[in-house]
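Read the structure below first, then the notes.
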Amino acid sequence: MDLNVSPELIIPAAELAWKFSRSSGPGGQHVNKTETRVELSWNITGSLAISEEQRDNISARLAARLIAGTLIVTASEHRSQLRNREIALNKMAKILAQALAPQGPQRRASKASRSSRRRHQAAKQQRSATKQLRQRPSAD
């Protein structure tokens with residue numbers, strides 16, 4: 001089953017590696033005897049489906065998620081292995097689509113307006129006055 005990330009990028013099933021294990025969670029005794037937990041991995045560094053530029057973008061943006069150049073996604077939400085496989089594929093497609101999406105424009109720093117600074121200062125003075133009134137009166 002190929003992974004459709006976008007109309008321009010389709011990762012062939014041969015590059016995806018599946019691992020199955022027993023899952024905790026819902027299912028009662030069923031989870032003790034069936035391997036419903038799914039682990040999907042894709043080696044980014046060895047992939048032929050992406051260009052060098054895409055590989056660099058993915059590696060830079062997903063650096064914290066990669067283990068030796070491999071992206072790993074797990075799913076164990078459902079009792080069915082088939083359903084968990086679909087979820088893992090969707091998760092990986094979403095992660096890769098976000099990594100390949102163009103970055104938004106840089107934020108330009110702005111200054112607070114004169115009136116907002118005045119309001120801020122007035123609020124501080126009001127809080128100060130309120131706290132002054134809460135103090136014990138002096139003995140004089």
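Chain labels A, B, ... are given in the sequence in which chains occur in the structure tokens; within each chain residues are numbered consecutively from 1, and ligands are likewise numbered from 1 in the order shown.
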Within 12 Å of region 9-12 of chain A using only C-alpha atoms, minus same-chain residues under 4 positions, as a count of residues only: 23
So which bits of chain A end up strand (DSSP E or B) when you DSSP the backbone, as number ranges by chain? A: 3-6, 9-11, 16-21, 37-43, 67, 70-75
Using only C-alpha atoms, please write the residues we just selected to a file, as a PDB file, in the first residue's frame.
ATOM      1  CA  LEU A   3       1.695   6.324   0.978  1.00  0.00           C
ATOM      2  CA  ASN A   4       0.087   9.349  -0.708  1.00  0.00           C
ATOM      3  CA  VAL A   5       1.595  12.428   0.935  1.00  0.00           C
ATOM      4  CA  SER A   6       0.534  14.855  -1.802  1.00  0.00           C
ATOM      5  CA  LEU A   9       4.788  12.802  -3.668  1.00  0.00           C
ATOM      6  CA  ILE A  10       3.886   9.140  -3.374  1.00  0.00           C
ATOM      7  CA  ILE A  11       6.112   6.892  -1.297  1.00  0.00           C
ATOM      8  CA  LEU A  16       7.871   1.387   4.107  1.00  0.00           C
ATOM      9  CA  ALA A  17       8.643  -1.101   6.881  1.00  0.00           C
ATOM     10  CA  TRP A  18       5.909  -2.511   9.114  1.00  0.00           C
ATOM     11  CA  LYS A  19       6.303  -4.023  12.587  1.00  0.00           C
ATOM     12  CA  PHE A  20       3.505  -5.483  14.669  1.00  0.00           C
ATOM     13  CA  SER A  21       3.305  -6.184  18.377  1.00  0.00           C
ATOM     14  CA  ARG A  37      -0.082  -2.384  17.595  1.00  0.00           C
ATOM     15  CA  VAL A  38       1.447  -1.075  14.371  1.00  0.00           C
ATOM     16  CA  GLU A  39       4.825   0.572  13.892  1.00  0.00           C
ATOM     17  CA  LEU A  40       5.473   2.136  10.486  1.00  0.00           C
ATOM     18  CA  SER A  41       8.974   3.271   9.592  1.00  0.00           C
ATOM     19  CA  TRP A  42      10.447   4.988   6.553  1.00  0.00           C
ATOM     20  CA  ASN A  43      14.143   5.542   5.943  1.00  0.00           C
ATOM     21  CA  ILE A  67      16.237   8.044  14.591  1.00  0.00           C
ATOM     22  CA  THR A  70      14.326   6.975   9.913  1.00  0.00           C
ATOM     23  CA  LEU A  71      10.864   8.339  10.698  1.00  0.00           C
ATOM     24  CA  ILE A  72       8.833   6.009  12.931  1.00  0.00           C
ATOM     25  CA  VAL A  73       5.086   6.293  13.581  1.00  0.00           C
ATOM     26  CA  THR A  74       3.043   4.025  15.855  1.00  0.00           C
ATOM     27  CA  ALA A  75      -0.681   3.407  16.187  1.00  0.00           C
TER      28      ALA A  75
END
Length of the CA of Ser115 (chain A) to CA of Thr130 (chain A) vector [Å]: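 Atom-to-atom, CA of Ser115 (chain A) and CA of Thr130 (chain A) are spaced 22.5 Å apart.
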Once DSSP has gone over the backbone, tell me which residues of region 3-140 of chain A are in alpha helix (DSSP H), as an MDAnalysis selection string. chainID A and resid 30:33 52:61 81:100 114:134
Correct to one decimal, the distance CA of Arg79 (chain A)-CA of Ser24 (chain A) is 9.7 Å
